[in-house]
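To keep things clear, I will list the structure first and then write my remarks on it.
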Amino acid sequence: QVNLKVAGGQVECFAQEPSFSDELVELIGWVVTEGHYQTHTSKALLGVVVAQSRTHNPLYVDRIRKIARYFQDEGATVTEYQDGPEVSHWFFGKGVGDLIRVLAPDKQLTPAFLGQLTRPQADLLYQTLMDGDGHRQVSPEGGTSEQWAQKDPGRVASFQMLAGMLGRRSRARVSSTTTHCQVVTAYQQERVAYQQLHRSEEQYTGVVWCPTTPSGTWFARRNGTTYWTGNSQCVC
């Protein structure tokens, strides 16, 4: 079911009980934006590595260190090491590395994973992704406008799904400054200007899909733009 707002909606089907710890959810957010999966031929050395700048983002470093301590206390293999004077790396191995690969294969946020998050965990993941690869600003209308950049189209799609779950409309477009990079702009405003709404008609012959939901609304994405819409009234 959907609880509509002017600028979008909020899915009311988040998990009631957490399937994962908050630390794991946040860690996956850092892995997607700041990490990589090792591909060494020796399985003993395979792990997940997250990097962060101590100079530019000391608060983020503290957050990742807190996550590292949590998994160390859980018995996982976690090691911090430095690469130069500015950047810290964390190796997440036995006890957590394989789990990360299962939940986020190839650093992809799957619908199955997103559907197991509680409402606070979905927001935690969204905010972590924004911290890693995005920036925020307050719009003149009183809402928020946030931008998140990624090259991988699968990650872009899953980020838009996550934004939609949290009631944020979004639009993905190719960056004008970075080749092959897509920028997702997410909005959550209190009102919308009717001058920006345009009605159009087009002739079409072929299969017409008529999604039907109990609440009468559904979430759509077209040409990189997401929006909430009502059930189609066509004759199928």
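Chain labels run A, B, ... following the order of the structure tokens; each chain numbers its residues from 1, and ligands are numbered from 1 in the order shown.
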Neighbour list for stretch 88-100 of chain A as a PyMOL selection string, cut-off 9 Å, only C-alpha atoms, skip fewer than 5 positions in-chain: chain A and resi 24+27-28+31+37+44-54+61+64-65+68+71+74-83+105+107
Take the residues that were just selected and, keeping N, CA, C and O atoms, output them as a short mmCIF file (atom, residue, chain, number, x, y, z; two decimals), in the first residue's frame.
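To be explicit, this is the file written out as out37.cif:
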```
data_model
loop_
_atom_site.label_atom_id
_atom_site.label_comp_id
_atom_site.auth_asym_id
_atom_site.auth_seq_id
_atom_site.Cartn_x
_atom_site.Cartn_y
_atom_site.Cartn_z
N LEU A 24 25.68 -3.56 9.42
CA LEU A 24 25.85 -4.22 8.13
C LEU A 24 25.21 -3.39 7.02
O LEU A 24 25.78 -3.26 5.92
N LEU A 27 27.46 -0.49 6.34
CA LEU A 27 28.68 -0.95 5.69
C LEU A 27 28.44 -1.20 4.21
O LEU A 27 29.29 -0.84 3.37
N ILE A 28 27.33 -1.79 3.85
CA ILE A 28 27.04 -2.04 2.44
C ILE A 28 26.93 -0.72 1.68
O ILE A 28 27.36 -0.60 0.53
N VAL A 31 30.43 0.25 1.04
CA VAL A 31 31.03 -0.62 0.04
C VAL A 31 30.61 -0.21 -1.36
O VAL A 31 31.43 -0.15 -2.28
N TYR A 37 35.72 -5.20 -4.38
CA TYR A 37 35.86 -6.61 -4.04
C TYR A 37 37.20 -7.12 -4.57
O TYR A 37 37.49 -6.98 -5.76
N ALA A 44 42.08 -17.26 0.29
CA ALA A 44 42.39 -16.82 1.64
C ALA A 44 42.54 -15.30 1.72
O ALA A 44 42.39 -14.72 2.78
N LEU A 45 42.86 -14.68 0.58
CA LEU A 45 43.07 -13.24 0.58
C LEU A 45 41.86 -12.46 0.05
O LEU A 45 41.88 -11.25 0.00
N LEU A 46 40.82 -13.18 -0.38
CA LEU A 46 39.64 -12.50 -0.90
C LEU A 46 38.90 -11.79 0.21
O LEU A 46 38.69 -12.34 1.29
N GLY A 47 38.53 -10.58 -0.04
CA GLY A 47 37.78 -9.82 0.95
C GLY A 47 37.16 -8.60 0.30
O GLY A 47 37.20 -8.42 -0.92
N VAL A 48 36.58 -7.77 1.12
CA VAL A 48 35.97 -6.51 0.68
C VAL A 48 36.75 -5.37 1.32
O VAL A 48 37.00 -5.39 2.53
N VAL A 49 37.14 -4.39 0.52
CA VAL A 49 37.96 -3.28 1.00
C VAL A 49 37.19 -1.97 0.83
O VAL A 49 36.62 -1.71 -0.22
N VAL A 50 37.19 -1.17 1.89
CA VAL A 50 36.57 0.16 1.87
C VAL A 50 37.65 1.19 2.14
O VAL A 50 38.50 1.00 3.02
N ALA A 51 37.64 2.28 1.39
CA ALA A 51 38.62 3.35 1.56
C ALA A 51 37.93 4.66 1.92
O ALA A 51 36.79 4.91 1.50
N GLN A 52 38.64 5.49 2.70
CA GLN A 52 38.10 6.81 3.06
C GLN A 52 39.24 7.75 3.41
O GLN A 52 40.26 7.32 3.96
N SER A 53 39.07 9.02 3.09
CA SER A 53 40.11 10.02 3.34
C SER A 53 40.03 10.54 4.77
O SER A 53 38.99 11.05 5.18
N ARG A 54 41.14 10.41 5.48
CA ARG A 54 41.19 10.95 6.84
C ARG A 54 41.25 12.47 6.82
O ARG A 54 40.80 13.14 7.75
N VAL A 61 35.44 8.56 8.49
CA VAL A 61 36.44 7.62 8.97
C VAL A 61 36.05 7.08 10.34
O VAL A 61 36.12 5.87 10.60
N ILE A 64 33.23 4.51 9.94
CA ILE A 64 33.67 3.22 9.42
C ILE A 64 34.48 2.47 10.48
O ILE A 64 34.37 1.24 10.61
N ARG A 65 35.26 3.18 11.26
CA ARG A 65 36.00 2.53 12.34
C ARG A 65 35.05 1.93 13.38
O ARG A 65 35.31 0.84 13.91
N ALA A 68 33.83 -1.20 11.92
CA ALA A 68 34.90 -2.20 11.97
C ALA A 68 35.00 -2.83 13.36
O ALA A 68 35.14 -4.05 13.49
N PHE A 71 32.18 -5.42 13.96
CA PHE A 71 32.38 -6.74 13.36
C PHE A 71 33.56 -7.47 13.97
O PHE A 71 33.57 -8.71 14.04
N GLU A 74 32.26 -9.15 16.82
CA GLU A 74 31.45 -10.29 16.41
C GLU A 74 32.31 -11.47 15.96
O GLU A 74 31.78 -12.52 15.59
N GLY A 75 33.63 -11.28 15.95
CA GLY A 75 34.54 -12.35 15.57
C GLY A 75 34.97 -12.35 14.11
O GLY A 75 35.67 -13.28 13.67
N ALA A 76 34.61 -11.32 13.37
CA ALA A 76 34.99 -11.25 11.96
C ALA A 76 36.42 -10.74 11.82
O ALA A 76 36.97 -10.09 12.72
N THR A 77 37.01 -11.03 10.67
CA THR A 77 38.35 -10.54 10.37
C THR A 77 38.25 -9.17 9.73
O THR A 77 37.75 -9.03 8.61
N VAL A 78 38.70 -8.15 10.44
CA VAL A 78 38.65 -6.77 9.94
C VAL A 78 39.98 -6.11 10.26
O VAL A 78 40.42 -6.14 11.42
N THR A 79 40.62 -5.53 9.27
CA THR A 79 41.92 -4.90 9.46
C THR A 79 41.92 -3.52 8.83
O THR A 79 41.47 -3.35 7.69
N GLU A 80 42.45 -2.53 9.56
CA GLU A 80 42.62 -1.20 9.00
C GLU A 80 44.09 -0.99 8.65
O GLU A 80 44.98 -1.34 9.43
N TYR A 81 44.32 -0.43 7.49
CA TYR A 81 45.69 -0.09 7.09
C TYR A 81 45.66 1.22 6.31
O TYR A 81 44.62 1.63 5.78
N GLN A 82 46.81 1.88 6.26
CA GLN A 82 46.89 3.20 5.62
C GLN A 82 47.65 3.12 4.31
O GLN A 82 48.63 2.40 4.19
N ASP A 83 47.15 3.86 3.34
CA ASP A 83 47.79 3.96 2.03
C ASP A 83 48.16 5.42 1.81
O ASP A 83 47.37 6.21 1.30
N PRO A 105 25.80 -8.39 -4.62
CA PRO A 105 26.69 -8.97 -5.65
C PRO A 105 27.15 -7.91 -6.64
O PRO A 105 26.34 -7.13 -7.14
N LYS A 107 28.52 -5.26 -6.07
CA LYS A 107 28.17 -3.96 -5.49
C LYS A 107 26.81 -3.45 -5.98
O LYS A 107 26.58 -2.25 -6.07
#
```
Expected answer as a ChimeraX atom specification: helix (DSSP H, G or I) residues in stretch 96-201 of chain A: /A:97-103,105-107,111-114,119-133,153-165,194-196
Selection: 10 Å around A:Gln116, only C-alpha atoms, excl. self and same-chain fewer than 6 positions, as a ChimeraX atom specification: /A:13-20,122
So that I have them on file, write out the residues from the current selection with N, CA and C atoms, as a tab-separated table (two decimals), in the first residue's frame.
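out_8.tsv, freshly written:
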```tsv
chain	number	residue	atom	x	y	z
A	13	CYS	N	5.44	-0.98	3.30
A	13	CYS	CA	5.67	-2.41	3.34
A	13	CYS	C	7.11	-2.72	3.74
A	14	PHE	N	7.74	-1.82	4.51
A	14	PHE	CA	9.06	-2.11	5.02
A	14	PHE	C	8.99	-3.27	6.00
A	15	ALA	N	10.09	-3.94	6.17
A	15	ALA	CA	10.14	-5.04	7.13
A	15	ALA	C	9.83	-4.53	8.54
A	16	GLN	N	9.04	-5.27	9.26
A	16	GLN	CA	8.69	-4.87	10.62
A	16	GLN	C	9.80	-5.19	11.60
A	17	GLU	N	10.54	-6.24	11.33
A	17	GLU	CA	11.66	-6.63	12.17
A	17	GLU	C	12.93	-6.70	11.32
A	18	PRO	N	14.06	-6.23	11.84
A	18	PRO	CA	15.29	-6.22	11.04
A	18	PRO	C	15.83	-7.61	10.77
A	19	SER	N	16.25	-7.81	9.52
A	19	SER	CA	16.93	-9.05	9.15
A	19	SER	C	18.44	-8.91	9.29
A	20	PHE	N	18.92	-7.67	9.32
A	20	PHE	CA	20.35	-7.39	9.39
A	20	PHE	C	20.60	-6.34	10.48
A	122	ALA	N	16.39	1.63	5.75
A	122	ALA	CA	16.36	2.15	4.38
A	122	ALA	C	16.85	3.59	4.34
```
Between atom CA of A:Arg169 and atom CA of A:Gln203 - distance in Å to one decimal: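 These atoms are spaced 27.6 Å apart.
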Nearest to A:Thr225, chosen from A:Arg168, A:Arg199, A:Arg136, A:His180, with only C-alpha atoms counted in the distances: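 When distances to A:Thr225 are compared using only C-alpha atoms, the smallest one comes from A:Arg168.
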Pick from A:Gly167, A:Pro111, A:Gly230, A:Pro120, whichever lies nearest to A:Gly154 using only C-alpha atoms: A:Pro111
Length of the atom CA of A:Ser145 to atom CA of A:Ser215 vector [Å]: 27.5 Å
Separation of atom CA of A:Glu146 from atom CA of A:Thr185, in Å and rounded to one decimal: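 For atom CA of A:Glu146 relative to atom CA of A:Thr185, the distance reads 5.6 Å.
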DSSP strand (DSSP E or B) selection over stretch 52-186 of chain A, as a count of residues only: 37
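The residue that comes closest to A:Ile67, out of A:Gly132, A:Gly115, A:Gly29, A:Pro214 and on the basis of only C-alpha atoms, is A:Gly29.
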